>>> print(open('coords_15.txt').read())   # compact mmCIF, C-alpha atoms
# COMPACT_ATOMS: atom_id res chain seq x y z
CA MET A 1 158.60 28.15 74.12
CA MET A 2 157.20 29.40 77.45
CA ALA A 3 153.44 29.91 77.31
CA PHE A 4 153.15 31.77 80.58
CA ASN A 5 156.29 33.56 81.70
CA ARG A 6 157.13 35.60 84.74
CA ARG A 7 156.36 38.85 82.93
CA ASP A 8 152.85 37.74 81.94
CA PHE A 9 152.17 36.59 85.48
CA LEU A 10 153.12 39.97 86.90
CA LYS A 11 150.91 41.76 84.38
CA ILE A 12 147.86 39.67 85.28
CA ALA A 13 148.55 39.91 89.01
CA GLY A 14 148.78 43.71 88.75
CA LEU A 15 145.57 43.91 86.77
CA SER A 16 143.73 41.71 89.29
CA ALA A 17 144.89 43.90 92.17
CA ALA A 18 143.61 46.99 90.38
CA VAL A 19 140.21 45.38 89.88
CA GLY A 20 140.18 44.24 93.51
CA LEU A 21 140.80 47.79 94.75
CA GLY A 22 137.67 48.99 93.05
CA GLY A 23 135.64 46.22 94.72
CA LYS A 24 133.60 46.37 97.88
CA THR A 25 136.24 44.93 100.19
CA ALA A 26 138.73 47.66 99.49
CA TRP A 27 136.06 50.31 99.78
CA GLU A 28 135.09 48.97 103.21
CA LEU A 29 138.75 49.04 104.24
CA LEU A 30 139.29 52.66 103.29
CA LEU A 31 135.91 54.20 104.10
CA PRO A 32 134.09 51.85 106.47
CA GLY A 33 130.31 52.02 106.40
CA GLN A 34 130.03 54.53 103.58
CA LEU A 35 129.03 52.07 100.91
CA ASP A 36 126.42 50.38 103.08
CA ALA A 37 124.86 53.70 103.98
CA ALA A 38 124.57 54.63 100.33
CA GLU A 39 122.74 51.37 99.59
CA MET A 40 120.02 52.02 102.19
CA PRO A 41 116.56 51.79 100.66
CA ALA A 42 114.35 54.83 100.98
CA ALA A 43 110.84 54.18 102.26
CA SER A 44 108.35 55.44 104.79
CA GLY A 45 109.13 54.35 108.33
CA LEU A 46 112.62 53.83 109.62
CA THR A 47 114.82 51.45 107.68
CA ALA A 48 118.37 50.31 108.13
CA LYS A 49 120.76 47.72 106.84
CA ARG A 50 121.56 46.61 110.36
CA TRP A 51 119.78 47.91 113.44
CA GLY A 52 121.79 48.05 116.61
CA MET A 53 121.97 49.79 119.93
CA ALA A 54 124.53 51.30 122.27
CA LEU A 55 123.75 51.88 125.95
CA ASP A 56 125.63 54.63 127.75
CA VAL A 57 125.55 52.83 131.08
CA LYS A 58 126.63 55.69 133.33
CA LYS A 59 123.81 57.89 132.08
CA PHE A 60 121.23 55.54 133.53
CA THR A 61 119.63 56.31 136.86
CA PRO A 62 117.48 53.72 138.64
CA ALA A 63 114.42 55.76 137.67
CA VAL A 64 115.36 55.78 133.98
CA ARG A 65 115.98 52.04 134.00
CA GLN A 66 112.59 51.43 135.59
CA ALA A 67 110.93 53.76 133.11
CA CYS A 68 112.44 51.85 130.18
CA ILE A 69 111.25 48.53 131.58
CA ALA A 70 107.81 49.83 132.47
CA VAL A 71 107.09 51.42 129.10
CA CYS A 72 108.15 48.24 127.28
CA ASN A 73 106.01 45.95 129.43
CA GLN A 74 103.05 48.26 129.24
CA SER A 75 103.21 48.76 125.49
CA HIS A 76 103.77 45.14 124.60
CA ASN A 77 101.28 43.71 127.08
CA VAL A 78 103.99 41.81 128.94
CA PRO A 79 102.45 40.46 132.15
CA LYS A 80 104.24 40.62 135.48
CA ILE A 81 104.67 37.15 136.94
CA ASP A 82 107.01 36.93 139.93
CA SER A 83 108.45 33.48 139.50
CA LYS A 84 110.74 31.50 137.24
CA GLN A 85 107.85 31.45 134.80
CA GLY A 86 107.91 35.23 134.45
CA LEU A 87 108.30 36.99 131.12
CA LYS A 88 111.17 39.32 130.30
CA TRP A 89 111.70 41.59 127.31
CA ILE A 90 114.03 44.06 128.95
CA TRP A 91 115.27 43.70 132.49
CA GLU A 92 118.07 44.52 134.91
CA ALA A 93 121.08 42.26 135.44
CA GLY A 94 124.18 42.75 137.55
CA TYR A 95 127.65 42.95 135.99
CA GLU A 96 128.54 39.36 136.75
CA ALA A 97 125.28 38.00 135.36
CA ALA A 98 125.36 40.21 132.28
CA PHE A 99 129.06 39.81 131.44
CA PRO A 100 130.18 36.46 132.83
CA ASP A 101 133.01 36.26 130.29
CA LEU A 102 134.61 39.56 131.32
CA GLU A 103 136.32 38.40 134.47
CA ALA A 104 138.58 41.38 134.98
CA GLU A 105 139.47 41.29 138.64
CA TYR A 106 139.75 44.99 139.33
CA VAL A 107 136.81 46.46 137.49
CA GLU A 108 135.75 49.94 138.51
CA ASP A 109 133.41 49.62 141.49
CA GLU A 110 130.71 51.73 139.88
CA ILE A 111 130.55 49.39 136.90
CA LYS A 112 130.79 46.23 138.96
CA GLU A 113 127.91 47.17 141.19
CA MET A 114 125.69 48.74 138.57
CA PRO A 115 122.61 46.97 137.23
CA PHE A 116 122.65 46.87 133.42
CA LEU A 117 119.60 46.92 131.21
CA VAL A 118 119.70 43.75 129.17
CA MET A 119 117.47 42.51 126.35
CA CYS A 120 117.65 40.51 123.17
CA ASN A 121 120.99 41.29 121.51
CA HIS A 122 119.64 40.82 117.99
CA CYS A 123 122.76 38.82 117.16
CA ASP A 124 124.23 38.83 113.72
CA ASN A 125 124.66 35.09 114.08
CA PRO A 126 121.62 34.19 116.18
CA PRO A 127 121.69 30.66 117.63
CA CYS A 128 117.94 30.83 118.32
CA VAL A 129 117.22 31.17 114.60
CA ARG A 130 119.46 28.25 113.77
CA VAL A 131 117.67 25.84 116.09
CA CYS A 132 114.06 26.88 115.45
CA PRO A 133 112.40 23.89 113.74
CA THR A 134 109.52 25.91 112.26
CA LYS A 135 111.37 29.10 111.34
CA ALA A 136 109.08 30.93 113.72
CA THR A 137 112.07 32.98 114.76
CA PHE A 138 114.02 34.48 111.93
CA LYS A 139 116.41 37.29 111.09
CA ARG A 140 114.93 40.11 109.09
CA GLY A 141 116.80 41.89 106.34
CA ASP A 142 117.55 44.76 108.70
CA GLY A 143 119.15 42.43 111.26
CA ILE A 144 116.28 42.29 113.74
CA VAL A 145 115.71 38.82 115.15
CA MET A 146 111.96 38.54 114.95
CA MET A 147 109.32 36.13 116.20
CA ASP A 148 106.33 34.90 114.22
CA MET A 149 103.99 33.89 117.03
CA HIS A 150 101.65 32.21 114.56
CA ARG A 151 104.33 29.65 113.80
CA CYS A 152 105.78 29.04 117.24
CA ILE A 153 105.05 25.54 118.50
CA GLY A 154 106.55 26.17 121.93
CA CYS A 155 109.38 23.65 121.70
CA ARG A 156 111.72 26.04 123.55
CA PHE A 157 114.82 25.04 121.56
CA CYS A 158 115.50 28.75 121.12
CA MET A 159 115.49 29.28 124.87
CA ALA A 160 118.06 26.56 125.26
CA ALA A 161 120.14 28.03 122.43
CA CYS A 162 120.09 31.68 123.51
CA PRO A 163 123.14 32.38 125.70
CA TYR A 164 121.54 35.55 127.10
CA GLY A 165 118.30 34.20 128.53
CA SER A 166 116.51 36.71 126.36
CA ARG A 167 113.60 34.45 125.61
CA SER A 168 110.65 33.65 127.83
CA PHE A 169 108.05 30.97 127.54
CA ASN A 170 104.37 31.56 128.21
CA PHE A 171 103.61 28.87 130.76
CA HIS A 172 100.19 30.42 131.28
CA ASP A 173 97.70 32.40 129.28
CA PRO A 174 99.24 35.85 129.72
CA ARG A 175 95.80 37.46 129.77
CA LYS A 176 95.19 35.95 133.19
CA PHE A 177 97.94 38.21 134.51
CA LEU A 178 96.98 41.33 132.58
CA PRO A 179 94.21 43.78 133.31
CA ASP A 180 91.17 43.45 131.06
CA PRO A 181 91.33 45.02 128.53
CA ALA A 182 95.07 44.64 127.94
CA PRO A 183 97.16 47.80 128.58
CA ASN A 184 97.87 48.44 124.88
CA LYS A 185 94.93 47.46 122.72
CA ASP A 186 96.92 48.05 119.53
CA TYR A 187 99.45 45.34 120.33
CA PRO A 188 98.51 41.67 120.60
CA THR A 189 99.04 39.66 123.72
CA ARG A 190 100.63 36.26 123.35
CA THR A 191 99.00 32.95 124.05
CA LYS A 192 99.90 30.04 126.26
CA GLY A 193 102.69 27.94 124.78
CA VAL A 194 104.69 30.42 122.71
CA VAL A 195 108.09 31.99 123.31
CA GLU A 196 108.51 35.75 123.25
CA LYS A 197 111.24 38.37 123.46
CA CYS A 198 112.25 41.92 122.57
CA THR A 199 111.66 42.79 118.92
CA PHE A 200 113.46 46.17 118.80
CA CYS A 201 109.90 47.53 118.45
CA THR A 202 109.48 46.63 114.78
CA GLU A 203 105.92 47.95 114.96
CA ARG A 204 107.29 51.39 115.93
CA LEU A 205 110.09 51.42 113.36
CA ALA A 206 107.46 50.73 110.70
CA VAL A 207 105.75 54.02 111.50
CA GLY A 208 108.94 56.03 111.83
CA LYS A 209 109.35 55.96 115.61
CA LEU A 210 112.22 54.79 117.79
CA PRO A 211 111.78 51.86 120.20
CA TYR A 212 109.91 52.64 123.43
CA CYS A 213 112.90 52.06 125.70
CA VAL A 214 115.12 54.34 123.62
CA GLU A 215 112.54 57.08 123.87
CA ALA A 216 112.18 56.61 127.63
CA SER A 217 115.95 56.47 128.24
CA GLN A 218 116.50 60.24 128.01
CA GLY A 219 119.41 59.85 125.64
CA ALA A 220 121.13 57.00 127.45
CA MET A 221 120.27 54.53 124.69
CA LEU A 222 121.51 55.16 121.17
CA PHE A 223 119.64 53.35 118.44
CA GLY A 224 120.64 53.36 114.82
CA ASP A 225 122.04 51.70 111.75
CA MET A 226 125.24 49.87 112.62
CA SER A 227 126.25 49.78 108.95
CA ASP A 228 126.12 53.57 108.75
CA ALA A 229 129.30 55.10 110.14
CA GLY A 230 127.42 58.32 110.82
CA SER A 231 124.70 56.78 112.98
CA ALA A 232 124.46 57.66 116.68
CA PRO A 233 125.65 54.30 118.05
CA ARG A 234 128.52 54.11 115.55
CA LYS A 235 129.68 57.64 116.40
CA ALA A 236 129.68 56.79 120.10
CA LEU A 237 131.51 53.51 119.49
CA ARG A 238 134.28 55.31 117.63
CA THR A 239 135.30 57.31 120.67
CA ARG A 240 134.16 55.20 123.60
CA TYR A 241 135.18 51.80 124.91
CA ALA A 242 132.30 49.34 124.71
CA ILE A 243 131.64 45.83 125.93
CA ARG A 244 129.21 43.25 124.62
CA ARG A 245 127.56 40.35 126.34
CA ASN A 246 129.34 37.05 125.72
CA ALA A 247 130.76 38.20 122.39
CA GLY A 248 133.29 35.38 122.62
CA LEU A 249 130.60 32.87 121.75
CA GLY A 250 130.55 34.14 118.19
CA THR A 251 126.96 35.33 118.15
CA ASN A 252 128.04 38.89 117.28
CA PRO A 253 125.54 40.67 119.55
CA GLN A 254 124.43 44.09 118.35
CA VAL A 255 123.73 45.68 121.71
CA TYR A 256 126.82 47.55 122.95
CA TYR A 257 127.48 48.84 126.44
CA LEU A 258 129.56 52.03 126.53
CA ILE A 259 131.56 52.07 129.75
CA MET B 1 69.20 -22.82 119.20
CA GLN B 2 67.00 -20.76 121.40
CA ILE B 3 68.11 -17.37 122.79
CA LYS B 4 66.78 -17.16 126.32
CA ASP B 5 66.84 -13.39 126.88
CA ARG B 6 65.42 -12.34 123.51
CA PRO B 7 63.13 -9.54 124.88
CA ILE B 8 65.92 -8.03 126.97
CA ILE B 9 68.35 -8.08 124.06
CA ILE B 10 65.89 -6.49 121.67
CA ALA B 11 64.98 -3.85 124.24
CA GLY B 12 68.68 -3.18 124.74
CA ILE B 13 69.26 -2.74 121.00
CA LEU B 14 66.30 -0.37 120.75
CA ILE B 15 67.53 1.74 123.67
CA PHE B 16 71.00 1.85 122.13
CA LEU B 17 69.63 2.98 118.75
CA ALA B 18 67.46 5.61 120.43
CA ILE B 19 70.43 7.10 122.27
CA PHE B 20 72.77 6.76 119.29
CA THR B 21 70.44 8.66 116.96
CA PHE B 22 69.52 11.28 119.57
CA PRO B 23 71.33 14.14 117.76
CA LEU B 24 69.35 13.39 114.61
CA TRP B 25 65.80 13.22 115.95
CA SER B 26 66.16 15.78 118.70
CA ALA B 27 66.96 18.49 116.14
CA MET B 28 64.35 17.27 113.66
CA GLY B 29 62.56 20.13 111.92
CA LYS B 30 64.60 22.76 113.75
CA ALA B 31 67.16 24.62 111.63
CA ALA B 32 69.81 26.65 113.41
CA PRO B 33 69.04 30.36 113.12
CA GLU B 34 70.67 31.92 110.10
CA PRO B 35 73.61 34.15 110.93
CA LYS B 36 72.72 37.84 111.08
CA VAL B 37 75.79 39.75 110.09
CA GLU B 38 75.76 43.41 110.98
CA LEU B 39 77.53 45.36 108.25
CA PRO B 40 79.07 48.76 108.82
CA LYS B 41 76.56 51.44 107.92
CA ASP B 42 78.72 54.29 106.70
CA VAL B 43 81.27 52.28 104.66
CA LYS B 44 80.22 50.61 101.43
CA GLU B 45 83.37 48.82 100.26
CA CYS B 46 85.70 46.38 101.96
CA VAL B 47 89.33 45.73 100.99
CA ALA B 48 88.15 43.21 98.38
CA PRO B 49 84.83 42.49 96.64
CA LYS B 50 82.11 41.10 98.91
CA ASP B 51 82.04 37.62 97.35
CA TYR B 52 85.77 37.25 97.72
CA MET B 53 85.67 38.41 101.33
CA ARG B 54 82.87 35.99 102.10
CA THR B 55 84.70 32.93 100.82
CA SER B 56 88.36 33.84 101.19
CA HIS B 57 88.86 36.37 104.00
CA MET B 58 90.87 33.78 105.89
CA GLN B 59 93.37 33.38 103.06
CA LEU B 60 93.60 37.15 102.77
CA LEU B 61 94.25 37.47 106.50
CA ASN B 62 96.95 34.81 106.27
CA GLU B 63 98.59 36.73 103.43
CA TRP B 64 98.44 39.92 105.47
CA ARG B 65 99.92 38.14 108.46
CA ASP B 66 102.85 36.74 106.48
CA SER B 67 103.45 40.00 104.71
CA VAL B 68 103.56 42.06 107.89
CA VAL B 69 105.38 39.66 110.18
CA ARG B 70 107.84 38.10 107.79
CA ASP B 71 108.40 40.72 105.11
CA GLY B 72 107.68 43.87 107.11
CA ASN B 73 105.39 45.12 104.35
CA ARG B 74 102.31 46.69 105.94
CA ILE B 75 100.62 48.40 102.99
CA PHE B 76 97.91 46.55 101.08
CA VAL B 77 96.73 47.92 97.76
CA ALA B 78 93.09 46.98 97.32
CA PHE B 79 91.26 46.11 94.10
CA ASN B 80 90.02 49.69 93.84
CA GLY B 81 93.49 51.15 94.27
CA LYS B 82 92.95 52.24 97.85
CA GLN B 83 95.78 51.62 100.30
CA HIS B 84 95.13 49.85 103.56
CA ASN B 85 97.19 49.18 106.64
CA MET B 86 97.37 45.39 106.93
CA SER B 87 96.08 44.97 110.44
CA LEU B 88 93.25 42.93 111.87
CA THR B 89 92.66 45.09 114.90
CA SER B 90 93.30 48.52 113.50
CA GLU B 91 92.01 48.04 109.95
CA CYS B 92 89.29 45.32 109.87
CA LEU B 93 87.88 46.32 113.23
CA ARG B 94 87.86 49.98 112.26
CA CYS B 95 84.68 49.35 110.26
CA HIS B 96 83.54 45.99 111.63
CA THR B 97 83.57 47.36 115.14
CA ASP B 98 81.70 44.58 116.87
CA LYS B 99 83.24 41.13 116.71
CA ALA B 100 80.14 39.50 118.25
CA LYS B 101 77.82 40.96 115.65
CA PHE B 102 80.11 40.30 112.70
CA CYS B 103 82.83 37.65 112.99
CA ASP B 104 81.12 35.42 115.53
CA GLN B 105 77.84 35.24 113.62
CA CYS B 106 79.10 33.02 110.80
CA HIS B 107 81.87 31.41 112.78
CA ASN B 108 79.39 30.12 115.33
CA TYR B 109 76.95 29.04 112.64
CA THR B 110 79.55 27.02 110.76
CA GLY B 111 81.21 25.81 113.93
CA VAL B 112 84.67 27.14 113.20
CA ASN B 113 86.84 28.42 115.97
CA PRO B 114 89.62 30.65 114.64
CA PHE B 115 92.27 31.49 117.22
CA CYS B 116 92.84 35.11 116.15
CA TRP B 117 91.45 36.46 119.39
CA ASP B 118 93.65 34.33 121.61
CA CYS B 119 96.29 37.01 121.04
CA HIS B 120 94.79 39.88 119.08
CA THR B 121 92.67 42.19 121.14
CA TYR B 122 89.23 43.51 120.36
CA PRO B 123 87.02 46.16 121.89
CA LYS B 124 84.66 44.81 124.54
CA GLU B 125 82.14 42.37 123.08
CA SER B 126 78.47 43.16 123.13
CA LYS B 127 76.50 40.51 124.93
>>> encode(input="coords_15.txt", output="structure tokens")
Amino acid sequence: MMAFNRRDFLKIAGLSAAVGLGGKTAWELLLPGQLDAAEMPAASGLTAKRWGMALDVKKFTPAVRQACIAVCNQSHNVPKIDSKQGLKWIWEAGYEAAFPDLEAEYVEDEIKEMPFLVMCNHCDNPPCVRVCPTKATFKRGDGIVMMDMHRCIGCRFCMAACPYGSRSFNFHDPRKFLPDPAPNKDYPTRTKGVVEKCTFCTERLAVGKLPYCVEASQGAMLFGDMSDAGSAPRKALRTRYAIRRNAGLGTNPQVYYLI
Amino acid sequence: MQIKDRPIIIAGILIFLAIFTFPLWSAMGKAAPEPKVELPKDVKECVAPKDYMRTSHMQLLNEWRDSVVRDGNRIFVAFNGKQHNMSLTSECLRCHTDKAKFCDQCHNYTGVNPFCWDCHTYPKESK
């Protein structure tokens, strides 16, 4: 007697496929992003399953770029130190420095000669988080790669791990390079011996505001929930070609450059 | 056996003891002035009962820190049901406006040196 014949196998296989179709994977395949958006928790302040950003690079003028940098530095008490020991949250980088892996020989001149605004990419697979021995840097539930300055011991492993140079070390007491009192009294300065970087303005998201640079960009920066197919960056990414910095390294950066 | 330099040795020991015990006898009879904490005049209640705040404000601040930085939860529900924004500079200092007349009083008295203010900012200190 055959305990498990061909007919039984087909029945079970068919049933399993039917169950699988109702599952999350199939849903994602047919209606990408819809399920994630529905699962978003409701709360005061801005929340998302996965924060991300898209920069419409041709909309930037030199003045807008400078405004974005200035408002960030001012609001986060980032001192200006003109040396290798300077601190960067958001800064300008040329095409070749920003996208060393995209070695297309005949890139449009405008793109090739344009400075790009670069910052922490808030990677989905952040190498800085993996190497941090104290878990001072960690990935929040909404995808933001965050720093806990109270825990940072200044070992700088994260700086070695980050392929984007997004992290800066405080070689000096930053207050020595800031006016007294600090430009924004509602935001802490850092202290000597900790590493800092862009935080996607978590303190602003918590009170329902967009990051400073996005606000100053006059619409050139799109900030939103990457898991929500209806969000501003996702809408732009559906119709526009976008590049990411060093995506080939597998970090899955969440800052997109629409070109 | 006879020690030749007995007077010099004894004098040396006495001088050593005098210097060694200097902190004890120099402060004899003088107690450090008691801390004078200036409490906010128009607000009667803190985020927790006074006794708890006196002994455990540092633990509370650590909990606030972890909650805000690591969990992103910024709302603290106090013992009396009031909601507070968990923030040293914008909540604690809202009532305790002068760090020198409040925080520093006890911290200096007990000789503790918390590093809050290395990063967090405060309004100009009164001298």
>>> residues_around(input="coords_15.txt", residues="range 89-102 of chain B", least_positions_apart="2", cutoff="10 Å", atoms="all atoms listed in the file", output="compact mmCIF listing (two decimals) with C-alpha atoms, in the frame of the given file")
# COMPACT_ATOMS: atom_id res chain seq x y z
CA LYS A 185 94.93 47.46 122.72
CA ASP A 186 96.92 48.05 119.53
CA TYR A 187 99.45 45.34 120.33
CA PRO A 188 98.51 41.67 120.60
CA PRO B 35 73.61 34.15 110.93
CA LYS B 36 72.72 37.84 111.08
CA VAL B 37 75.79 39.75 110.09
CA GLU B 38 75.76 43.41 110.98
CA LEU B 39 77.53 45.36 108.25
CA PRO B 40 79.07 48.76 108.82
CA LYS B 41 76.56 51.44 107.92
CA ASP B 42 78.72 54.29 106.70
CA VAL B 43 81.27 52.28 104.66
CA LYS B 44 80.22 50.61 101.43
CA CYS B 46 85.70 46.38 101.96
CA VAL B 47 89.33 45.73 100.99
CA LEU B 61 94.25 37.47 106.50
CA HIS B 84 95.13 49.85 103.56
CA ASN B 85 97.19 49.18 106.64
CA MET B 86 97.37 45.39 106.93
CA SER B 87 96.08 44.97 110.44
CA ASP B 104 81.12 35.42 115.53
CA GLN B 105 77.84 35.24 113.62
CA CYS B 106 79.10 33.02 110.80
CA HIS B 107 81.87 31.41 112.78
CA ASN B 108 79.39 30.12 115.33
CA TRP B 117 91.45 36.46 119.39
CA HIS B 120 94.79 39.88 119.08
CA THR B 121 92.67 42.19 121.14
CA TYR B 122 89.23 43.51 120.36
CA PRO B 123 87.02 46.16 121.89
CA LYS B 124 84.66 44.81 124.54
CA GLU B 125 82.14 42.37 123.08
CA SER B 126 78.47 43.16 123.13
CA LYS B 127 76.50 40.51 124.93
>>> residues_around(input="coords_15.txt", residues="range 89-94 of chain A", least_positions_apart="3", cutoff="8 Å", atoms="all atoms listed in the file", output="list in words")
Arg65, Ile69, Cys72, Asn73, Val78, Ala97, Ala98, Lys112, Glu113, Met114, Pro115, Phe116, Leu117, Val118, Met119, Cys120, Ser166, Arg167, Glu196, Lys197 and Cys198 of chain A
>>> write_last_selection(input="coords_15.txt", atoms="C-alpha atoms", output="PDB file, in the coordinates of the input")
ATOM      1  CA  ARG A  65     115.980  52.040 134.000  1.00  0.00           C
ATOM      2  CA  ILE A  69     111.250  48.530 131.580  1.00  0.00           C
ATOM      3  CA  CYS A  72     108.150  48.240 127.280  1.00  0.00           C
ATOM      4  CA  ASN A  73     106.010  45.950 129.430  1.00  0.00           C
ATOM      5  CA  VAL A  78     103.990  41.810 128.940  1.00  0.00           C
ATOM      6  CA  ALA A  97     125.280  38.000 135.360  1.00  0.00           C
ATOM      7  CA  ALA A  98     125.360  40.210 132.280  1.00  0.00           C
ATOM      8  CA  LYS A 112     130.790  46.230 138.960  1.00  0.00           C
ATOM      9  CA  GLU A 113     127.910  47.170 141.190  1.00  0.00           C
ATOM     10  CA  MET A 114     125.690  48.740 138.570  1.00  0.00           C
ATOM     11  CA  PRO A 115     122.610  46.970 137.230  1.00  0.00           C
ATOM     12  CA  PHE A 116     122.650  46.870 133.420  1.00  0.00           C
ATOM     13  CA  LEU A 117     119.600  46.920 131.210  1.00  0.00           C
ATOM     14  CA  VAL A 118     119.700  43.750 129.170  1.00  0.00           C
ATOM     15  CA  MET A 119     117.470  42.510 126.350  1.00  0.00           C
ATOM     16  CA  CYS A 120     117.650  40.510 123.170  1.00  0.00           C
ATOM     17  CA  SER A 166     116.510  36.710 126.360  1.00  0.00           C
ATOM     18  CA  ARG A 167     113.600  34.450 125.610  1.00  0.00           C
ATOM     19  CA  GLU A 196     108.510  35.750 123.250  1.00  0.00           C
ATOM     20  CA  LYS A 197     111.240  38.370 123.460  1.00  0.00           C
ATOM     21  CA  CYS A 198     112.250  41.920 122.570  1.00  0.00           C
TER      22      CYS A 198
END
>>> atom_distance(input="coords_15.txt", atom1="CA of Ala11 in chain B", atom2="CA of Gly29 in chain B")
27.1 Å
>>> closest_residue(input="coords_15.txt", among="A:Ala70, A:Leu237, A:Ala160, A:Leu46", to="chain B", atoms="all atoms listed in the file")
A:Leu46
>>> interface_residues(input="coords_15.txt", of="chain A", to="chain B", cutoff="9 Å", atoms="all atoms listed in the file", output="list of chain:residue names")
A:Phe138, A:Arg140, A:Gly141, A:Met146, A:Met147, A:Asp148, A:His150, A:Asp173, A:Arg175, A:Pro181, A:Ala182, A:Asn184, A:Lys185, A:Asp186, A:Tyr187, A:Pro188, A:Thr189, A:Arg190, A:Thr191, A:Lys192, A:Thr202, A:Ala206
>>> closest_residue(input="coords_15.txt", among="A:Phe177, A:Phe60, A:Pro127, A:Arg7", to="Leu258 in chain A", atoms="only C-alpha atoms")
A:Phe60
>>> atom_distance(input="coords_15.txt", atom1="CA of Arg6 in chain B", atom2="CA of Ala18 in chain B")
18.3 Å
>>> atom_distance(input="coords_15.txt", atom1="CA of Tyr164 in chain A", atom2="CA of Glu108 in chain A")
23.2 Å
>>> axis_aligned_box(input="coords_15.txt", around="range 133-152 of chain A", padding_each_side="3 Å", output="lines of an AutoDock Vina configuration file")
center_x = 110.4
center_y = 34.3
center_z = 111.8
size_x = 23.5
size_y = 26.9
size_z = 16.9
>>> closest_residue(input="coords_15.txt", among="A:Arg50, A:Asp56, A:Ile12, A:Ser75", to="Pro183 in chain A", atoms="all atoms listed in the file")
A:Ser75
>>> build_atoms(input="coords_15.txt", residues="range 109-124 of chain B", atoms="N, CA and C atoms", output="mmCIF file, keeping the file's coordinate frame")
data_model
loop_
_atom_site.group_PDB
_atom_site.id
_atom_site.type_symbol
_atom_site.label_atom_id
_atom_site.label_comp_id
_atom_site.auth_asym_id
_atom_site.auth_seq_id
_atom_site.Cartn_x
_atom_site.Cartn_y
_atom_site.Cartn_z
ATOM 1 N N TYR B 109 77.889 29.791 113.469
ATOM 2 C CA TYR B 109 76.950 29.040 112.640
ATOM 3 C C TYR B 109 77.625 27.848 111.971
ATOM 4 N N THR B 110 78.843 28.092 111.460
ATOM 5 C CA THR B 110 79.550 27.020 110.760
ATOM 6 C C THR B 110 80.411 26.196 111.706
ATOM 7 N N GLY B 111 80.451 26.594 112.958
ATOM 8 C CA GLY B 111 81.210 25.810 113.930
ATOM 9 C C GLY B 111 82.705 25.881 113.763
ATOM 10 N N VAL B 112 83.217 26.993 113.260
ATOM 11 C CA VAL B 112 84.670 27.140 113.200
ATOM 12 C C VAL B 112 85.126 27.998 114.370
ATOM 13 N N ASN B 113 86.341 27.752 114.774
ATOM 14 C CA ASN B 113 86.840 28.420 115.970
ATOM 15 C C ASN B 113 88.229 28.992 115.707
ATOM 16 N N PRO B 114 88.301 30.096 114.947
ATOM 17 C CA PRO B 114 89.620 30.650 114.640
ATOM 18 C C PRO B 114 90.267 31.196 115.916
ATOM 19 N N PHE B 115 91.609 31.102 115.971
ATOM 20 C CA PHE B 115 92.270 31.490 117.220
ATOM 21 C C PHE B 115 92.852 32.897 117.173
ATOM 22 N N CYS B 116 92.348 33.732 116.248
ATOM 23 C CA CYS B 116 92.840 35.110 116.150
ATOM 24 C C CYS B 116 92.829 35.814 117.495
ATOM 25 N N TRP B 117 91.695 35.629 118.200
ATOM 26 C CA TRP B 117 91.450 36.460 119.390
ATOM 27 C C TRP B 117 92.148 35.918 120.625
ATOM 28 N N ASP B 118 92.848 34.784 120.481
ATOM 29 C CA ASP B 118 93.650 34.330 121.610
ATOM 30 C C ASP B 118 94.747 35.349 121.911
ATOM 31 N N CYS B 119 95.220 36.024 120.851
ATOM 32 C CA CYS B 119 96.290 37.010 121.040
ATOM 33 C C CYS B 119 95.807 38.417 120.682
ATOM 34 N N HIS B 120 95.203 38.544 119.511
ATOM 35 C CA HIS B 120 94.790 39.880 119.080
ATOM 36 C C HIS B 120 93.632 40.366 119.940
ATOM 37 N N THR B 121 93.651 41.631 120.223
ATOM 38 C CA THR B 121 92.670 42.190 121.140
ATOM 39 C C THR B 121 91.526 42.834 120.367
ATOM 40 N N TYR B 122 90.384 42.886 120.991
ATOM 41 C CA TYR B 122 89.230 43.510 120.360
ATOM 42 C C TYR B 122 88.515 44.368 121.393
ATOM 43 N N PRO B 123 87.794 45.356 120.942
ATOM 44 C CA PRO B 123 87.020 46.160 121.890
ATOM 45 C C PRO B 123 86.011 45.256 122.597
ATOM 46 N N LYS B 124 85.582 45.650 123.750
ATOM 47 C CA LYS B 124 84.660 44.810 124.540
ATOM 48 C C LYS B 124 83.505 44.292 123.723
#
